[in-house]
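**Student:** mmCIF, C-alpha atoms; chains and numbers go by the auth columns, saved as run_7.cif, coming up:
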```
data_start
#
loop_
_atom_site.group_PDB
_atom_site.id
_atom_site.type_symbol
_atom_site.label_atom_id
_atom_site.label_comp_id
_atom_site.label_asym_id
_atom_site.label_seq_id
_atom_site.Cartn_x
_atom_site.Cartn_y
_atom_site.Cartn_z
_atom_site.B_iso_or_equiv
_atom_site.auth_seq_id
_atom_site.auth_asym_id
ATOM 1 C CA MET A 1 34.520 0.142 -32.828 0.00 3 A
ATOM 2 C CA ALA A 2 37.041 -0.619 -35.571 0.00 4 A
ATOM 3 C CA ASN A 3 40.238 -2.347 -34.468 0.00 5 A
ATOM 4 C CA ASN A 4 42.442 0.478 -35.731 0.00 6 A
ATOM 5 C CA SER A 5 40.602 3.014 -33.541 0.00 7 A
ATOM 6 C CA ILE A 6 41.450 1.248 -30.255 0.00 8 A
ATOM 7 C CA LYS A 7 44.085 3.306 -28.479 0.00 9 A
ATOM 8 C CA THR A 8 43.593 2.670 -24.771 0.00 10 A
ATOM 9 C CA SER A 9 42.977 -0.310 -22.516 0.00 11 A
ATOM 10 C CA ALA A 10 39.538 1.124 -21.680 0.00 12 A
ATOM 11 C CA GLN A 11 38.652 1.125 -25.392 0.00 13 A
ATOM 12 C CA LEU A 12 39.915 -2.446 -25.755 0.00 14 A
ATOM 13 C CA ARG A 13 37.823 -3.590 -22.781 0.00 15 A
ATOM 14 C CA SER A 14 34.771 -1.825 -24.167 0.00 16 A
ATOM 15 C CA ALA A 15 35.227 -3.421 -27.614 0.00 17 A
ATOM 16 C CA PHE A 16 35.597 -6.858 -25.999 0.00 18 A
ATOM 17 C CA LEU A 17 32.402 -6.466 -23.951 0.00 19 A
ATOM 18 C CA GLU A 18 30.462 -5.017 -26.890 0.00 20 A
ATOM 19 C CA PHE A 19 31.466 -8.021 -29.028 0.00 21 A
ATOM 20 C CA PHE A 20 29.736 -10.415 -26.644 0.00 22 A
ATOM 21 C CA GLU A 21 26.760 -8.130 -25.979 0.00 23 A
ATOM 22 C CA ALA A 22 26.138 -8.058 -29.746 0.00 24 A
ATOM 23 C CA ARG A 23 25.855 -11.852 -29.542 0.00 25 A
ATOM 24 C CA ASP A 24 23.146 -11.807 -26.850 0.00 26 A
ATOM 25 C CA HIS A 25 25.416 -12.153 -23.816 0.00 27 A
ATOM 26 C CA LYS A 26 24.533 -10.194 -20.681 0.00 28 A
ATOM 27 C CA ARG A 27 27.055 -7.692 -19.299 0.00 29 A
ATOM 28 C CA ILE A 28 27.348 -7.906 -15.524 0.00 30 A
ATOM 29 C CA SER A 29 29.312 -5.770 -13.098 0.00 31 A
ATOM 30 C CA SER A 30 32.803 -6.749 -12.037 0.00 32 A
ATOM 31 C CA SER A 31 33.455 -8.292 -8.637 0.00 33 A
ATOM 32 C CA SER A 32 35.852 -7.069 -6.001 0.00 34 A
ATOM 33 C CA LEU A 33 39.244 -8.777 -5.908 0.00 35 A
ATOM 34 C CA VAL A 34 38.662 -9.309 -2.190 0.00 36 A
ATOM 35 C CA PRO A 35 35.442 -11.281 -1.664 0.00 37 A
ATOM 36 C CA GLY A 36 34.032 -9.623 1.449 0.00 38 A
ATOM 37 C CA ASN A 37 31.189 -12.049 2.057 0.00 39 A
ATOM 38 C CA ASP A 38 32.944 -15.427 1.683 0.00 40 A
ATOM 39 C CA PRO A 39 35.875 -16.428 3.924 0.00 41 A
ATOM 40 C CA THR A 40 36.266 -19.714 1.994 0.00 42 A
ATOM 41 C CA LEU A 41 37.620 -17.885 -1.052 0.00 43 A
ATOM 42 C CA LEU A 42 41.134 -16.690 -0.355 0.00 44 A
ATOM 43 C CA PHE A 43 42.082 -15.931 -3.952 0.00 45 A
ATOM 44 C CA ILE A 44 40.425 -15.138 -7.253 0.00 46 A
ATOM 45 C CA ASN A 45 40.361 -17.968 -9.793 0.00 47 A
ATOM 46 C CA ALA A 46 39.636 -16.849 -13.359 0.00 48 A
ATOM 47 C CA GLY A 47 37.136 -14.213 -12.229 0.00 49 A
ATOM 48 C CA MET A 48 34.497 -16.785 -11.358 0.00 50 A
ATOM 49 C CA VAL A 49 34.050 -15.934 -7.658 0.00 51 A
ATOM 50 C CA GLN A 50 30.903 -13.926 -8.333 0.00 52 A
ATOM 51 C CA PHE A 51 29.315 -17.081 -9.791 0.00 53 A
ATOM 52 C CA LYS A 52 30.115 -19.470 -6.907 0.00 54 A
ATOM 53 C CA ASP A 53 26.544 -19.545 -5.580 0.00 55 A
ATOM 54 C CA VAL A 54 25.230 -20.126 -9.107 0.00 56 A
ATOM 55 C CA PHE A 55 27.562 -23.108 -9.572 0.00 57 A
ATOM 56 C CA LEU A 56 26.498 -24.524 -6.214 0.00 58 A
ATOM 57 C CA GLY A 57 22.810 -24.169 -7.110 0.00 59 A
ATOM 58 C CA GLN A 58 22.186 -21.661 -4.307 0.00 60 A
ATOM 59 C CA GLU A 59 21.362 -18.776 -6.654 0.00 61 A
ATOM 60 C CA LYS A 60 19.539 -18.522 -9.977 0.00 62 A
ATOM 61 C CA ARG A 61 20.280 -15.727 -12.447 0.00 63 A
ATOM 62 C CA ASN A 62 17.657 -14.226 -14.744 0.00 64 A
ATOM 63 C CA TYR A 63 19.813 -14.845 -17.824 0.00 65 A
ATOM 64 C CA THR A 64 21.596 -17.792 -19.408 0.00 66 A
ATOM 65 C CA ARG A 65 24.326 -16.054 -21.385 0.00 67 A
#
```
Using the file provided, produce a representation of the structure as structure tokens.
**Tutor:**
Amino acid sequence: MANNSIKTSAQLRSAFLEFFEARDHKRISSSSLVPGNDPTLLFINAGMVQFKDVFLGQEKRNYTR
């Protein structure tokens, strides 16, 4: 998508995600702003909540990027 064809926030988001996918990064689904399964997380910090178990070594993902 050429930069001059971006007219909406949805197009901007799509262009951003496509940029990284083209460089072998894996697109994953967004997380809820309210983490329903973890009472220790009372706020979202940089969108990393969905990776907490990975950081703690409790979960392994099938991708590295």
**Student:** Here's the selection I'm unsure about, the PyMOL selection byres ((chain A and resi 30) around 12); applied to the file above, which residues does it give, as a PyMOL selection string?
**Tutor:** chain A and resi 19+22-23+27-29+31-33+52-53+63-65+67
**Student:** Filtering to C-alpha atoms, could you give me those residues as a PDB file, in the frame of the given file?
**Tutor:**
```
ATOM      1  CA  LEU A  19      32.402  -6.466 -23.951  1.00  0.00           C
ATOM      2  CA  PHE A  22      29.736 -10.415 -26.644  1.00  0.00           C
ATOM      3  CA  GLU A  23      26.760  -8.130 -25.979  1.00  0.00           C
ATOM      4  CA  HIS A  27      25.416 -12.153 -23.816  1.00  0.00           C
ATOM      5  CA  LYS A  28      24.533 -10.194 -20.681  1.00  0.00           C
ATOM      6  CA  ARG A  29      27.055  -7.692 -19.299  1.00  0.00           C
ATOM      7  CA  SER A  31      29.312  -5.770 -13.098  1.00  0.00           C
ATOM      8  CA  SER A  32      32.803  -6.749 -12.037  1.00  0.00           C
ATOM      9  CA  SER A  33      33.455  -8.292  -8.637  1.00  0.00           C
ATOM     10  CA  GLN A  52      30.903 -13.926  -8.333  1.00  0.00           C
ATOM     11  CA  PHE A  53      29.315 -17.081  -9.791  1.00  0.00           C
ATOM     12  CA  ARG A  63      20.280 -15.727 -12.447  1.00  0.00           C
ATOM     13  CA  ASN A  64      17.657 -14.226 -14.744  1.00  0.00           C
ATOM     14  CA  TYR A  65      19.813 -14.845 -17.824  1.00  0.00           C
ATOM     15  CA  ARG A  67      24.326 -16.054 -21.385  1.00  0.00           C
TER      16      ARG A  67
END
```
**Student:** Please evaluate the PyMOL selection byres ((chain A and resi 34) around 12) against the displayed coordinates and give the resulting residues as a ChimeraX atom specification.
**Tutor:** /A:31-33,35-40,45-46,49-52
**Student:** How many Å lie between atom CA of Glu20 of chain A and atom CA of Ile8 of chain A, rounded to one decimal?
**Tutor:**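 Going from atom CA of Glu20 of chain A over to atom CA of Ile8 of chain A, I get 13.1 Å.
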**Student:** Please compute the atom CA of Thr66 of chain A-atom CA of Arg25 of chain A distance, one decimal, in Å.
**Tutor:**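 These atoms are spaced 12.5 Å apart.
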**Student:** Around all the atoms of segment 9-27 of chain A listed in the file, draw an axis-aligned box and extend it by 5 Å on each of the six sides; I want its centre and edge lengths in Å to one decimal, as AutoDock Vina command-line options.
**Tutor:**
```
--center_x 33.6 --center_y -4.4 --center_z -25.7 --size_x 30.9 --size_y 25.5 --size_z 18.1
```
